[in-house]
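Source file: target32.cif. Holds: mmCIF, C-alpha atoms.
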```cif
data_final
#
loop_
_atom_site.label_atom_id
_atom_site.label_comp_id
_atom_site.auth_asym_id
_atom_site.auth_seq_id
_atom_site.Cartn_x
_atom_site.Cartn_y
_atom_site.Cartn_z
CA MET A 98 15.46 -35.04 199.85
CA ARG A 99 13.19 -36.86 197.46
CA GLY A 100 14.56 -40.32 198.20
CA LEU A 101 15.12 -39.93 201.91
CA PRO A 102 12.96 -41.72 204.50
CA ALA A 103 10.31 -39.53 206.06
CA ALA A 104 11.95 -39.51 209.48
CA LEU A 105 15.27 -38.32 208.06
CA ALA A 106 13.49 -35.74 205.96
CA VAL A 107 11.91 -34.37 209.11
CA ALA A 108 15.28 -34.16 210.84
CA LEU A 109 16.86 -32.32 207.92
CA LEU A 110 13.94 -30.02 207.28
CA VAL A 111 13.30 -28.72 210.79
CA PRO A 112 15.18 -30.01 213.84
CA ALA A 113 12.88 -30.84 216.73
CA LEU A 114 12.65 -27.96 219.16
CA SER A 115 13.53 -28.59 222.76
CA LEU A 116 11.34 -26.06 224.47
CA PRO A 117 11.09 -26.43 228.24
CA GLY A 118 7.68 -24.79 228.27
CA ALA A 119 6.07 -26.94 225.60
CA VAL A 120 3.57 -29.62 226.47
CA PRO A 121 4.40 -32.63 224.23
CA ALA A 122 1.67 -33.91 221.93
CA ASN A 123 1.08 -36.91 224.13
CA ALA A 124 1.37 -35.18 227.51
CA ARG A 125 -1.50 -34.51 229.94
CA ALA A 126 -3.07 -37.80 228.87
CA GLY A 127 -2.33 -41.33 229.98
CA GLY A 128 0.03 -40.42 232.81
CA SER A 129 3.76 -39.84 232.94
CA ALA A 130 6.42 -41.78 231.11
CA ARG A 131 8.44 -41.62 234.35
CA GLY A 132 5.72 -43.65 236.03
CA GLY A 133 5.97 -46.37 233.41
CA ARG A 134 2.60 -45.63 231.83
CA LEU A 135 2.37 -45.26 228.07
CA PRO A 136 1.03 -41.98 226.73
CA ALA A 137 -2.56 -42.19 225.55
CA GLY A 138 -2.35 -39.61 222.76
CA PRO A 139 -2.67 -35.86 222.45
CA PRO A 140 -4.90 -33.93 224.82
CA PRO A 141 -8.19 -32.96 223.23
CA CYS A 142 -8.80 -29.38 222.20
CA PRO A 143 -11.36 -27.46 224.28
CA ASN A 144 -14.02 -27.44 221.60
CA VAL A 145 -17.62 -26.32 221.79
CA ARG A 146 -20.05 -28.80 220.27
CA ALA A 147 -20.88 -27.63 216.76
CA PRO A 148 -23.68 -28.55 214.32
CA ALA A 149 -23.06 -31.63 212.21
CA THR A 150 -22.09 -29.79 209.03
CA ARG A 151 -18.68 -31.28 208.37
CA PRO A 152 -17.88 -32.75 204.95
CA PRO A 153 -18.37 -36.54 204.77
CA GLN A 154 -14.63 -37.11 204.36
CA PRO A 155 -11.87 -35.09 206.09
CA PRO A 156 -8.86 -33.76 204.21
CA PRO A 157 -5.88 -36.13 203.95
CA PRO A 158 -3.28 -36.18 206.72
CA ALA A 159 -0.10 -34.17 206.36
CA ASP A 160 3.17 -35.93 205.72
CA PRO A 161 5.65 -36.13 208.64
CA ALA A 162 7.99 -33.46 207.26
CA ALA A 163 5.20 -30.90 206.92
CA ARG A 164 3.92 -31.64 210.42
CA ALA A 165 7.39 -31.00 211.91
CA VAL A 166 7.76 -27.49 210.52
CA GLY A 167 8.11 -25.12 213.46
CA GLY A 168 8.96 -27.77 216.02
CA ALA A 169 8.11 -31.33 216.97
CA ALA A 170 5.57 -30.28 219.62
CA LEU A 171 3.33 -28.87 216.88
CA ALA A 172 2.96 -32.24 215.17
CA THR A 173 -0.28 -33.10 216.94
CA ALA A 174 -3.95 -33.27 216.07
CA GLY A 175 -4.74 -32.21 219.61
CA LEU A 176 -3.94 -29.34 221.93
CA VAL A 177 -0.42 -28.00 222.42
CA VAL A 178 0.10 -25.24 225.02
CA PRO A 179 2.93 -24.11 227.31
CA ALA A 180 3.20 -26.03 230.56
CA SER A 181 1.53 -24.59 233.66
CA THR A 182 -0.54 -22.06 231.75
CA PRO A 183 -4.30 -21.48 231.83
CA ALA A 184 -6.35 -23.58 229.47
CA PRO A 185 -7.35 -21.77 226.26
CA PRO A 186 -11.01 -20.86 225.80
CA PRO A 187 -13.27 -23.42 224.13
CA VAL A 188 -14.07 -22.57 220.52
CA THR A 189 -15.80 -24.37 217.66
CA ALA A 190 -12.84 -24.09 215.28
CA THR A 191 -11.44 -27.49 214.32
CA SER A 192 -7.90 -26.08 214.29
CA TRP A 193 -6.26 -22.86 215.45
CA LEU A 194 -2.97 -21.23 216.35
CA VAL A 195 -1.79 -18.14 218.27
CA ALA A 196 1.65 -16.69 217.53
CA ASP A 197 3.76 -13.59 218.10
CA LEU A 198 4.03 -11.57 214.88
CA ASP A 199 7.40 -10.13 215.82
CA SER A 200 9.35 -12.92 217.52
CA GLY A 201 7.63 -15.72 215.62
CA ALA A 202 7.01 -17.69 218.82
CA VAL A 203 4.01 -20.01 218.63
CA LEU A 204 2.11 -19.62 221.91
CA GLY A 205 -0.26 -22.53 221.42
CA GLY A 206 -2.58 -24.26 219.04
CA CYS A 207 -5.06 -26.98 218.29
CA GLY A 208 -4.05 -29.29 215.47
CA PRO A 209 -1.86 -26.53 214.00
CA HIS A 210 -0.70 -28.70 211.11
CA GLU A 211 -4.02 -30.35 210.31
CA TYR A 212 -5.26 -29.72 206.79
CA GLY A 213 -8.22 -27.35 206.45
CA VAL A 214 -10.02 -25.44 203.72
CA PRO A 215 -9.23 -21.71 203.60
CA ALA A 216 -12.21 -19.88 202.06
CA SER A 217 -11.47 -16.13 201.79
CA VAL A 218 -8.52 -16.08 204.18
CA GLN A 219 -6.67 -17.37 201.10
CA LYS A 220 -6.79 -13.77 199.90
CA LEU A 221 -3.98 -13.12 202.40
CA LEU A 222 -1.71 -15.36 200.34
CA LEU A 223 -2.67 -13.32 197.28
CA ALA A 224 -1.72 -10.16 199.18
CA ALA A 225 1.57 -11.60 200.43
CA THR A 226 2.42 -12.51 196.84
CA MET A 227 1.23 -9.54 194.80
CA LEU A 228 1.53 -6.48 197.05
CA PRO A 229 5.29 -6.09 196.43
CA MET A 230 4.78 -6.52 192.69
CA LEU A 231 1.92 -4.16 191.79
CA ASP A 232 2.09 -0.36 191.72
CA PRO A 233 -0.85 0.84 193.84
CA ASP A 234 -1.16 4.06 191.81
CA ARG A 235 -1.45 2.31 188.47
CA GLU A 236 -4.88 2.55 186.86
CA VAL A 237 -6.15 -0.64 185.24
CA THR A 238 -9.23 -1.83 183.39
CA VAL A 239 -11.39 -4.60 184.84
CA THR A 240 -12.04 -7.37 182.31
CA ALA A 241 -14.91 -9.74 181.66
CA GLY A 242 -12.78 -12.55 183.07
CA ASP A 243 -12.26 -10.67 186.32
CA VAL A 244 -15.99 -10.32 186.99
CA ALA A 245 -16.80 -13.88 185.89
CA ILE A 246 -17.20 -15.12 189.45
CA GLU A 247 -19.53 -17.72 190.91
CA PRO A 248 -23.07 -16.32 191.10
CA GLY A 249 -23.91 -15.20 194.60
CA SER A 250 -20.29 -15.18 195.73
CA SER A 251 -18.65 -12.23 197.44
CA ALA A 252 -18.15 -9.18 195.23
CA VAL A 253 -17.13 -5.59 195.90
CA GLY A 254 -18.95 -4.17 192.87
CA LEU A 255 -16.24 -3.60 190.27
CA VAL A 256 -17.66 -3.48 186.74
CA GLU A 257 -16.34 -4.78 183.45
CA GLY A 258 -14.65 -1.99 181.56
CA GLY A 259 -14.28 0.11 184.70
CA ARG A 260 -10.99 1.91 185.36
CA TYR A 261 -9.66 1.65 188.91
CA ARG A 262 -6.42 2.29 190.75
CA ILE A 263 -4.84 -0.92 191.97
CA GLU A 264 -5.06 0.47 195.52
CA THR A 265 -8.86 0.61 195.16
CA ILE A 266 -8.87 -3.03 194.09
CA TRP A 267 -6.79 -3.98 197.14
CA LEU A 268 -9.28 -2.22 199.39
CA GLY A 269 -12.14 -4.06 197.70
CA LEU A 270 -10.32 -7.33 198.29
CA LEU A 271 -9.48 -6.81 201.96
CA LEU A 272 -12.54 -4.88 203.14
CA LYS A 273 -15.33 -6.65 201.22
CA SER A 274 -13.61 -9.88 200.18
CA GLY A 275 -14.32 -9.16 196.52
CA ASN A 276 -13.75 -12.25 194.41
CA GLU A 277 -13.60 -10.17 191.24
CA ALA A 278 -10.90 -8.08 192.93
CA ALA A 279 -8.95 -11.30 193.60
CA ASN A 280 -9.24 -12.33 189.96
CA ALA A 281 -8.04 -8.92 188.78
CA LEU A 282 -5.04 -8.82 191.12
CA ALA A 283 -3.99 -12.39 190.29
CA ARG A 284 -4.28 -11.61 186.57
CA LEU A 285 -2.33 -8.36 186.87
CA GLY A 286 0.47 -10.02 188.82
CA GLY A 287 0.45 -13.25 186.84
CA GLY A 288 2.56 -12.11 183.91
CA PRO A 289 1.91 -13.57 180.45
CA ASP A 290 -0.14 -16.41 181.94
CA GLY A 291 -2.58 -14.04 183.60
CA LEU A 292 -4.71 -15.47 186.40
CA ALA A 293 -3.15 -18.93 186.09
CA GLY A 294 0.27 -17.37 186.47
CA GLY A 295 -0.96 -15.48 189.52
CA VAL A 296 -2.16 -18.66 191.22
CA ARG A 297 1.13 -20.35 190.40
CA ALA A 298 3.00 -17.42 191.95
CA MET A 299 0.84 -17.76 195.09
CA ASN A 300 1.88 -21.39 195.45
CA GLU A 301 5.53 -20.48 194.90
CA GLN A 302 5.24 -17.79 197.57
CA ALA A 303 3.61 -20.20 200.03
CA HIS A 304 6.43 -22.67 199.49
CA TRP A 305 9.07 -20.00 200.03
CA LEU A 306 7.39 -18.80 203.22
CA GLY A 307 7.50 -22.36 204.57
CA ALA A 308 3.74 -22.91 204.22
CA ARG A 309 4.19 -26.46 202.97
CA GLN A 310 0.59 -27.50 203.62
CA THR A 311 -0.90 -24.71 201.53
CA HIS A 312 -1.99 -25.20 197.94
CA ALA A 313 -4.08 -22.60 196.13
CA VAL A 314 -6.35 -23.43 193.23
CA THR A 315 -8.30 -20.16 193.11
CA PRO A 316 -6.96 -16.70 194.02
CA SER A 317 -10.11 -15.83 195.96
CA GLY A 318 -10.47 -18.89 198.17
CA LEU A 319 -13.57 -20.16 196.40
CA ASP A 320 -13.40 -23.92 196.78
CA GLY A 321 -11.42 -25.92 194.25
CA PRO A 322 -10.15 -29.51 194.07
CA GLY A 323 -7.01 -29.98 196.11
CA GLN A 324 -7.11 -26.59 197.82
CA PHE A 325 -5.97 -26.71 201.45
CA THR A 326 -4.04 -24.87 204.12
CA SER A 327 -3.38 -25.17 207.87
CA ALA A 328 -3.60 -22.90 210.89
CA TYR A 329 0.20 -22.85 211.07
CA ASP A 330 0.57 -21.94 207.40
CA LEU A 331 -1.95 -19.13 207.74
CA ALA A 332 0.16 -17.65 210.54
CA LEU A 333 3.22 -17.68 208.28
CA ILE A 334 1.23 -16.00 205.52
CA ALA A 335 -0.30 -13.43 207.87
CA ARG A 336 3.13 -12.60 209.27
CA ALA A 337 4.39 -11.90 205.75
CA CYS A 338 1.37 -9.69 205.09
CA PHE A 339 1.73 -7.64 208.28
CA ALA A 340 5.40 -7.06 207.47
CA GLN A 341 4.24 -4.90 204.55
CA PRO A 342 3.20 -1.30 205.38
CA ALA A 343 0.64 -1.19 202.56
CA PHE A 344 -1.11 -4.28 203.91
CA ARG A 345 -1.22 -2.90 207.43
CA ARG A 346 -2.84 0.26 206.10
CA TYR A 347 -5.36 -1.51 203.88
CA THR A 348 -6.45 -4.13 206.42
CA ALA A 349 -7.01 -1.48 209.12
CA THR A 350 -9.11 0.74 206.84
CA ARG A 351 -12.68 1.01 208.14
CA THR A 352 -14.37 2.52 205.07
CA ALA A 353 -13.40 3.40 201.51
CA VAL A 354 -15.08 4.81 198.42
CA VAL A 355 -15.07 2.93 195.12
CA PRO A 356 -15.04 5.63 192.44
CA GLY A 357 -17.86 5.91 189.95
CA GLN A 358 -17.57 5.05 186.29
CA PRO A 359 -19.38 7.83 184.42
CA ALA A 360 -18.93 6.22 181.02
CA LEU A 361 -20.65 3.10 182.35
CA ARG A 362 -23.28 5.03 184.34
CA VAL A 363 -22.02 3.63 187.64
CA LYS A 364 -22.03 5.95 190.63
CA PRO A 365 -19.40 5.94 193.39
CA PHE A 366 -20.26 3.96 196.51
CA GLU A 367 -18.83 3.32 199.97
CA ILE A 368 -17.62 0.00 201.29
CA GLN A 369 -17.08 -1.00 204.93
CA ASN A 370 -14.61 -3.43 206.45
CA ASP A 371 -16.23 -6.80 207.23
CA ASN A 372 -13.74 -7.57 210.01
CA GLN A 373 -15.59 -6.71 213.22
CA LEU A 374 -12.42 -7.16 215.28
CA LEU A 375 -11.41 -3.64 214.20
CA ALA A 376 -14.46 -2.08 215.79
CA GLN A 377 -14.85 -4.39 218.78
CA TYR A 378 -11.35 -5.30 220.00
CA PRO A 379 -8.96 -2.70 221.49
CA GLY A 380 -5.64 -2.76 219.69
CA ALA A 381 -6.96 -4.64 216.66
CA LEU A 382 -4.64 -4.42 213.65
CA GLY A 383 -6.80 -6.16 211.05
CA GLY A 384 -7.08 -9.54 209.40
CA LYS A 385 -9.47 -11.44 207.16
CA THR A 386 -12.75 -13.33 207.41
CA GLY A 387 -13.88 -16.26 205.27
CA PHE A 388 -16.75 -18.65 204.70
CA THR A 389 -17.86 -21.38 202.33
CA ASP A 390 -20.05 -24.40 203.00
CA LEU A 391 -17.00 -26.63 202.76
CA ALA A 392 -14.57 -24.50 204.78
CA ARG A 393 -17.20 -23.23 207.22
CA HIS A 394 -15.98 -20.08 209.00
CA THR A 395 -12.29 -19.24 208.79
CA TYR A 396 -10.56 -16.29 210.39
CA VAL A 397 -7.21 -14.52 210.71
CA GLY A 398 -6.86 -11.56 213.07
CA ALA A 399 -4.06 -9.60 214.72
CA ALA A 400 -3.89 -7.17 217.61
CA GLU A 401 -1.35 -5.23 219.67
CA ARG A 402 -1.27 -4.89 223.44
CA GLY A 403 1.55 -3.56 225.61
CA GLY A 404 3.93 -3.42 222.66
CA ARG A 405 3.24 -7.06 221.82
CA ARG A 406 1.65 -8.08 218.50
CA LEU A 407 -0.16 -11.41 218.28
CA VAL A 408 -1.92 -13.16 215.41
CA VAL A 409 -4.63 -15.80 215.63
CA THR A 410 -5.69 -18.16 212.86
CA LEU A 411 -8.62 -20.56 212.90
CA LEU A 412 -10.23 -22.97 210.48
CA GLY A 413 -13.49 -24.91 210.37
CA ALA A 414 -15.43 -22.85 212.90
CA GLU A 415 -19.19 -22.78 213.47
CA ILE A 416 -21.04 -19.82 214.98
CA PRO A 417 -23.83 -21.11 217.21
CA THR A 418 -22.74 -18.68 219.94
CA GLN A 419 -19.62 -16.86 218.71
CA ARG A 420 -18.67 -15.54 215.30
CA GLY A 421 -15.24 -16.20 213.88
CA TRP A 422 -13.78 -12.88 215.00
CA GLN A 423 -15.17 -13.42 218.52
CA GLN A 424 -13.49 -16.81 218.75
CA GLY A 425 -10.31 -15.17 217.50
CA ALA A 426 -10.65 -12.40 220.09
CA ALA A 427 -11.03 -14.95 222.92
CA LEU A 428 -7.86 -16.74 221.78
CA LEU A 429 -6.00 -13.43 221.51
CA ASP A 430 -7.00 -12.59 225.08
CA TRP A 431 -5.61 -15.97 226.16
CA GLY A 432 -2.38 -15.34 224.26
CA PHE A 433 -1.85 -11.88 225.70
CA ALA A 434 -2.27 -13.30 229.21
CA LEU A 435 0.67 -15.69 228.73
CA PRO A 436 4.23 -14.77 229.73
CA ARG A 437 6.25 -13.17 226.95
CA ASP A 438 8.68 -16.09 226.86
CA ALA A 439 5.94 -18.74 226.56
CA ALA A 440 6.30 -20.87 223.43
CA VAL A 441 5.58 -24.34 222.07
CA GLY A 442 7.23 -23.79 218.69
CA ARG A 443 8.07 -21.06 216.23
CA LEU A 444 7.13 -19.63 212.86
CA VAL A 445 9.88 -20.38 210.37
CA GLY A 446 11.34 -17.45 208.47
CA PRO A 447 10.82 -16.80 204.74
CA GLY A 448 13.24 -18.90 202.71
CA GLU A 449 14.43 -20.82 205.77
CA LEU A 450 13.35 -24.17 204.40
CA SER A 451 14.46 -23.51 200.83
CA SER A 452 17.81 -25.24 201.19
CA ALA A 453 15.98 -28.48 201.99
CA SER A 454 13.47 -28.05 199.17
CA PRO A 455 13.43 -28.94 195.49
CA SER A 456 14.64 -26.18 193.20
CA PRO A 457 12.13 -24.44 190.94
CA SER A 458 11.58 -26.30 187.71
CA ALA A 459 12.87 -24.88 184.44
CA GLY A 460 9.30 -24.00 183.57
CA GLY A 461 8.76 -22.10 186.81
CA SER A 462 7.33 -18.61 186.85
CA ALA A 463 9.58 -15.65 186.13
CA LEU A 464 7.63 -13.91 188.88
CA ALA A 465 10.03 -15.38 191.42
CA ALA A 466 12.32 -12.43 190.81
CA GLY A 467 9.63 -10.13 192.15
CA ARG A 468 9.20 -11.99 195.42
CA ALA A 469 9.47 -9.97 198.62
CA GLY A 470 13.07 -9.68 199.64
CA GLY A 471 14.20 -10.78 196.19
CA ALA A 472 14.39 -14.43 197.21
CA PRO A 473 13.47 -17.02 194.60
CA ALA A 474 10.33 -19.06 195.09
CA ALA A 475 10.19 -22.84 194.79
CA THR A 476 7.46 -24.81 193.08
CA HIS A 477 5.54 -27.70 194.61
CA VAL A 478 6.53 -31.17 193.55
CA GLY A 479 3.56 -32.97 192.13
CA GLY A 480 1.38 -29.93 192.71
CA TRP A 481 1.09 -30.59 196.44
CA PRO A 482 3.03 -29.36 199.46
CA GLY A 483 5.02 -32.06 201.23
CA ALA A 484 4.59 -34.55 198.37
CA ARG A 485 8.31 -35.19 197.97
CA SER A 486 8.51 -38.61 199.57
CA SER A 487 5.23 -40.46 199.11
CA VAL A 488 3.21 -41.29 196.03
CA ALA A 489 0.55 -42.75 198.31
CA VAL A 490 0.09 -39.42 200.09
CA GLY A 491 -0.28 -37.73 196.72
CA ALA A 492 -3.04 -40.17 195.77
CA LEU A 493 -4.86 -39.42 199.00
CA LEU A 494 -4.66 -35.72 198.32
CA VAL A 495 -6.12 -36.10 194.86
CA ALA A 496 -8.94 -38.17 196.30
CA GLY A 497 -9.60 -35.50 198.92
CA GLY A 498 -9.68 -32.88 196.18
CA ALA A 499 -12.28 -34.87 194.29
CA VAL A 500 -14.49 -34.82 197.36
CA LEU A 501 -14.12 -31.06 197.57
CA LEU A 502 -15.00 -30.59 193.91
CA GLY A 503 -18.19 -32.50 194.46
CA ARG A 504 -19.21 -30.21 197.33
CA ARG A 505 -18.96 -26.73 195.82
CA ARG A 506 -22.45 -25.59 196.70
CA ARG A 507 -22.58 -22.90 199.38
CA HIS A 508 -24.93 -22.19 202.22
CA PRO A 509 -27.81 -19.85 201.25
CA ALA A 510 -27.04 -17.63 204.25
CA ALA A 511 -23.73 -16.71 202.65
CA LEU A 512 -25.33 -15.07 199.62
CA VAL A 513 -24.02 -11.58 199.04
CA ALA A 514 -26.38 -8.65 198.53
CA PRO A 515 -25.70 -6.03 195.87
CA ALA A 516 -23.17 -3.32 196.67
CA GLY A 517 -24.46 -1.01 199.35
CA SER A 518 -26.95 -3.54 200.77
CA PRO A 519 -26.51 -5.11 204.23
CA ARG A 520 -25.39 -8.71 204.60
CA PRO A 521 -24.61 -10.98 207.53
CA PRO A 522 -21.34 -9.84 209.15
CA ASP A 523 -18.19 -11.94 209.49
CA ASP A 524 -19.06 -14.51 206.87
CA GLY A 525 -16.37 -13.24 204.58
CA GLY A 526 -18.72 -13.67 201.66
CA ARG A 527 -18.75 -16.92 199.77
CA GLY A 528 -15.13 -17.65 199.16
#
```

Target encoding structure tokens, full file:
Amino acid sequence: MRGLPAALAVALLVPALSLPGAVPANARAGGSARGGRLPAGPPPCPNVRAPATRPPQPPPPADPAARAVGGAALATAGLVVPASTPAPPPVTATSWLVADLDSGAVLGGCGPHEYGVPASVQKLLLAATMLPMLDPDREVTVTAGDVAIEPGSSAVGLVEGGRYRIETIWLGLLLKSGNEAANALARLGGGPDGLAGGVRAMNEQAHWLGARQTHAVTPSGLDGPGQFTSAYDLALIARACFAQPAFRRYTATRTAVVPGQPALRVKPFEIQNDNQLLAQYPGALGGKTGFTDLARHTYVGAAERGGRRLVVTLLGAEIPTQRGWQQGAALLDWGFALPRDAAVGRLVGPGELSSASPSPSAGGSALAAGRAGGAPAATHVGGWPGARSSVAVGALLVAGGAVLLGRRRRHPAALVAPAGSPRPPDDGGRG
């Protein structure tokens, strides 16, 4: 694969889907090819005008092979929806996708393969990676390294030296977006290399799931150089999460109690789920919120209606009128209103792309043996998804990462109050 032209790589990696209901990337604009007029590009997404808070330089473009994953119709920076269906609601998210959790059908999206910054929705990749590997009943000690998180970033309130069941740490991660919980879980699942091994395992898992535009640098989603994902990749990751009973139980939990630590003079306290979709949307199954200054608002949510389970993912949203979960709810409503056979693409299955991918290096993590389903995980070539065929693309990605590193400051509104204190809802904390 490494030496093949990009076009051939696309053909080998994922054959173009021929879906009669899909609106091509260049349709609905510039007239019909039958009429002799050249297409004028993808239709614009129905976006609400948002405040000018975007980073000065956008993430680098995806390579052609990565953009073709799931079907050729998804390789667009614009809107892709089934033909003759109602227009989706306008949202501020710069990219989004709605898919069926069970069939894997992609119902529609806006720039589904455009690079974005994840913020705390990256914790879903941590869950997809580590949930099958860690015994929830095991009691572990939180270390100084676990609680060494960025000041003011999202924390559940775990204390150094405290003893907690791993299940409690999962609840702290998914209900309150605890960055110290993310550090602890990545360390515990990272083998001899600790947290670094955990992050490496996350990237291997993303690659195996087919999330070729996802690269984790931190387990929590706090910004790091070269850390990106896409709306499509988030749907793959969310689908893997919702396939696990423990995740479905944790993400739907409304409240939980973090046990006290008498030896450290820390009393027990209650935590509440930050995902307002659970309380406000009938049939909500759960999901994850996120926010950093760089990522803006990110969101993943799932719901069930009439025996049909849909997931929505969105990146780069602003909240002048609607919070992230509300934008997700509007897109879910749109998806549920579509016919059951509507599709513009599909979510690839775990391991489906592995035969067209580089094998894990000799120095790869031994954690691959613990991957869900027992399938081995592959490592990224050059540290970036989709970097097999172009050194130039790799250089662009590094440059984009440098921009991110220089913009790590967060918005003051995202500051997290001490445990038990109120904070703005749906911001996912910082990271």

**Item:** Two-atom distance - atom CA of Ala399 of chain A, atom CA of Asp371 of chain A (Å)
**Value:** 14.6 Å

**Item:** Separation of atom CA of Thr386 of chain A from atom CA of Asp243 of chain A in Å
**Value:** 21.3 Å

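If you look at atom CA of Leu331 of chain A and atom CA of Ser317 of chain A, they are 14.7 Å away from each other.
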
Taking all atoms listed in the file into account, produce a table as JSON lines in which each residue of segment 267-370 of chain A with an atom at most 9 Å from an atom of segment 162-171 of chain A appears once, together with its shortest atom pair and the distance in Å to one decimal, ordered by chain and rising number.
```
{"residue": "A:Gly307", "atom": "CA", "partner": "A:Val166", "partner_atom": "CA", "distance": 7.9}
{"residue": "A:Ala308", "atom": "CA", "partner": "A:Ala163", "partner_atom": "CA", "distance": 8.6}
{"residue": "A:Arg309", "atom": "CA", "partner": "A:Ala163", "partner_atom": "CA", "distance": 6.0}
{"residue": "A:Gln310", "atom": "CA", "partner": "A:Ala163", "partner_atom": "CA", "distance": 6.6}
{"residue": "A:Tyr329", "atom": "CA", "partner": "A:Gly167", "partner_atom": "CA", "distance": 8.6}
```

**Message:** I'd like the neighbourhood of Leu428 of chain A as a PyMOL selection string, where a residue qualifies if any of its atoms comes within 12 Å (using only C-alpha atoms), though same-chain residues fewer than 2 positions away should be ignored.
**Reply:** chain A and resi 143+183-190+192-196+204-207+396-400+407-411+421-426+430-435

**Request:** Between A:Thr315, A:Gly446, A:Ala293, A:Glu211, single out the one closest to Ala337 of chain A, counting all atoms listed in the file.
**Result:**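 When distances to Ala337 of chain A are compared using all atoms listed in the file, the smallest one comes from A:Gly446.
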
**Request:** Convert the output of the PyMOL selection byres ((chain A and resi 299) around 10) on the shown file into explicit residues, formatted as a PyMOL selection string.
**Result:** chain A and resi 219-227+283+286-287+293-298+300-305+311-316+464+474+476

**Message:** Give me the residues near Ala174 of chain A as a list of chain:residue names, where near means some atom within 9 Å (using only C-alpha atoms) and where sequence neighbours in that chain fewer than 5 positions away do not count.
**Reply:** A:Ala122, A:Pro139, A:Pro140, A:Pro141, A:Cys142, A:Ser192, A:Cys207, A:Gly208, A:Pro209, A:His210, A:Glu211

**Message:** Using all atoms listed in the file, can you tell me which of A:Thr418, A:Arg336, A:Leu292, A:Leu272 comes closest to Arg351 of chain A?
**Reply:**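 Distance minimum relative to Arg351 of chain A lands on A:Leu272.
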
**Residue nearest Leu228 of chain A among A:Ser181, A:Gln324, A:Gln341, A:Asn370 (counting only C-alpha atoms)** =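 Checking each candidate against Leu228 of chain A, we get A:Gln341 as the closest.
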
Name the residues in contact with Arg262 of chain A at a cut-off of 6 Å, using all atoms listed in the file, excluding same-chain residues fewer than 4 positions from it; report them as a PDB file with C-alpha atoms, in the coordinates of the input.
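So out_23.pdb came out as:
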```pdb
ATOM      1  CA  ASP A 234      -1.160   4.060 191.810  1.00  0.00           C
ATOM      2  CA  ARG A 235      -1.450   2.310 188.470  1.00  0.00           C
ATOM      3  CA  GLU A 236      -4.880   2.550 186.860  1.00  0.00           C
TER       4      GLU A 236
END
```

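Near (-13.6, -4.3, 213.3), the residues that fall inside 10 Å on the basis of all atoms listed in the file are Thr348, Ala349, Thr350, Arg351, Gln369, Asn370, Asp371, Asn372, Gln373, Leu374, Leu375, Ala376, Gln377, Tyr378, Pro379, Ala381, Leu382, Gly383, Gly384, Gly398, Trp422 and Asp523 of chain A.
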
Given the selection you just returned, output its residues as a file containing C-alpha atoms, formatted as a CSV table (one decimal), keeping the file's coordinate frame.
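The resulting file, selection_5.csv, is reproduced below:
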```csv
chain,number,residue,atom,x,y,z
A,348,THR,CA,-6.4,-4.1,206.4
A,349,ALA,CA,-7.0,-1.5,209.1
A,350,THR,CA,-9.1,0.7,206.8
A,351,ARG,CA,-12.7,1.0,208.1
A,369,GLN,CA,-17.1,-1.0,204.9
A,370,ASN,CA,-14.6,-3.4,206.4
A,371,ASP,CA,-16.2,-6.8,207.2
A,372,ASN,CA,-13.7,-7.6,210.0
A,373,GLN,CA,-15.6,-6.7,213.2
A,374,LEU,CA,-12.4,-7.2,215.3
A,375,LEU,CA,-11.4,-3.6,214.2
A,376,ALA,CA,-14.5,-2.1,215.8
A,377,GLN,CA,-14.8,-4.4,218.8
A,378,TYR,CA,-11.4,-5.3,220.0
A,379,PRO,CA,-9.0,-2.7,221.5
A,381,ALA,CA,-7.0,-4.6,216.7
A,382,LEU,CA,-4.6,-4.4,213.6
A,383,GLY,CA,-6.8,-6.2,211.0
A,384,GLY,CA,-7.1,-9.5,209.4
A,398,GLY,CA,-6.9,-11.6,213.1
A,422,TRP,CA,-13.8,-12.9,215.0
A,523,ASP,CA,-18.2,-11.9,209.5
```

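Nearest to Val203 of chain A of all the residues A:Gly258, A:Gly275, A:Gly380, A:Gly442 is A:Gly442, based on only C-alpha atoms.
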
**Message:** Applying 8 Å and all atoms listed in the file, which residues near Val237 of chain A remain after dropping the ones on its own chain fewer than 4 positions away? List them as a PyMOL selection string.
**Reply:** chain A and resi 260-263

If you keep C-alpha atoms, can you produce a file of those selected residues as a PDB file, keeping the file's coordinate frame?
```pdb
ATOM      1  CA  ARG A 260     -10.990   1.910 185.360  1.00  0.00           C
ATOM      2  CA  TYR A 261      -9.660   1.650 188.910  1.00  0.00           C
ATOM      3  CA  ARG A 262      -6.420   2.290 190.750  1.00  0.00           C
ATOM      4  CA  ILE A 263      -4.840  -0.920 191.970  1.00  0.00           C
TER       5      ILE A 263
END
```
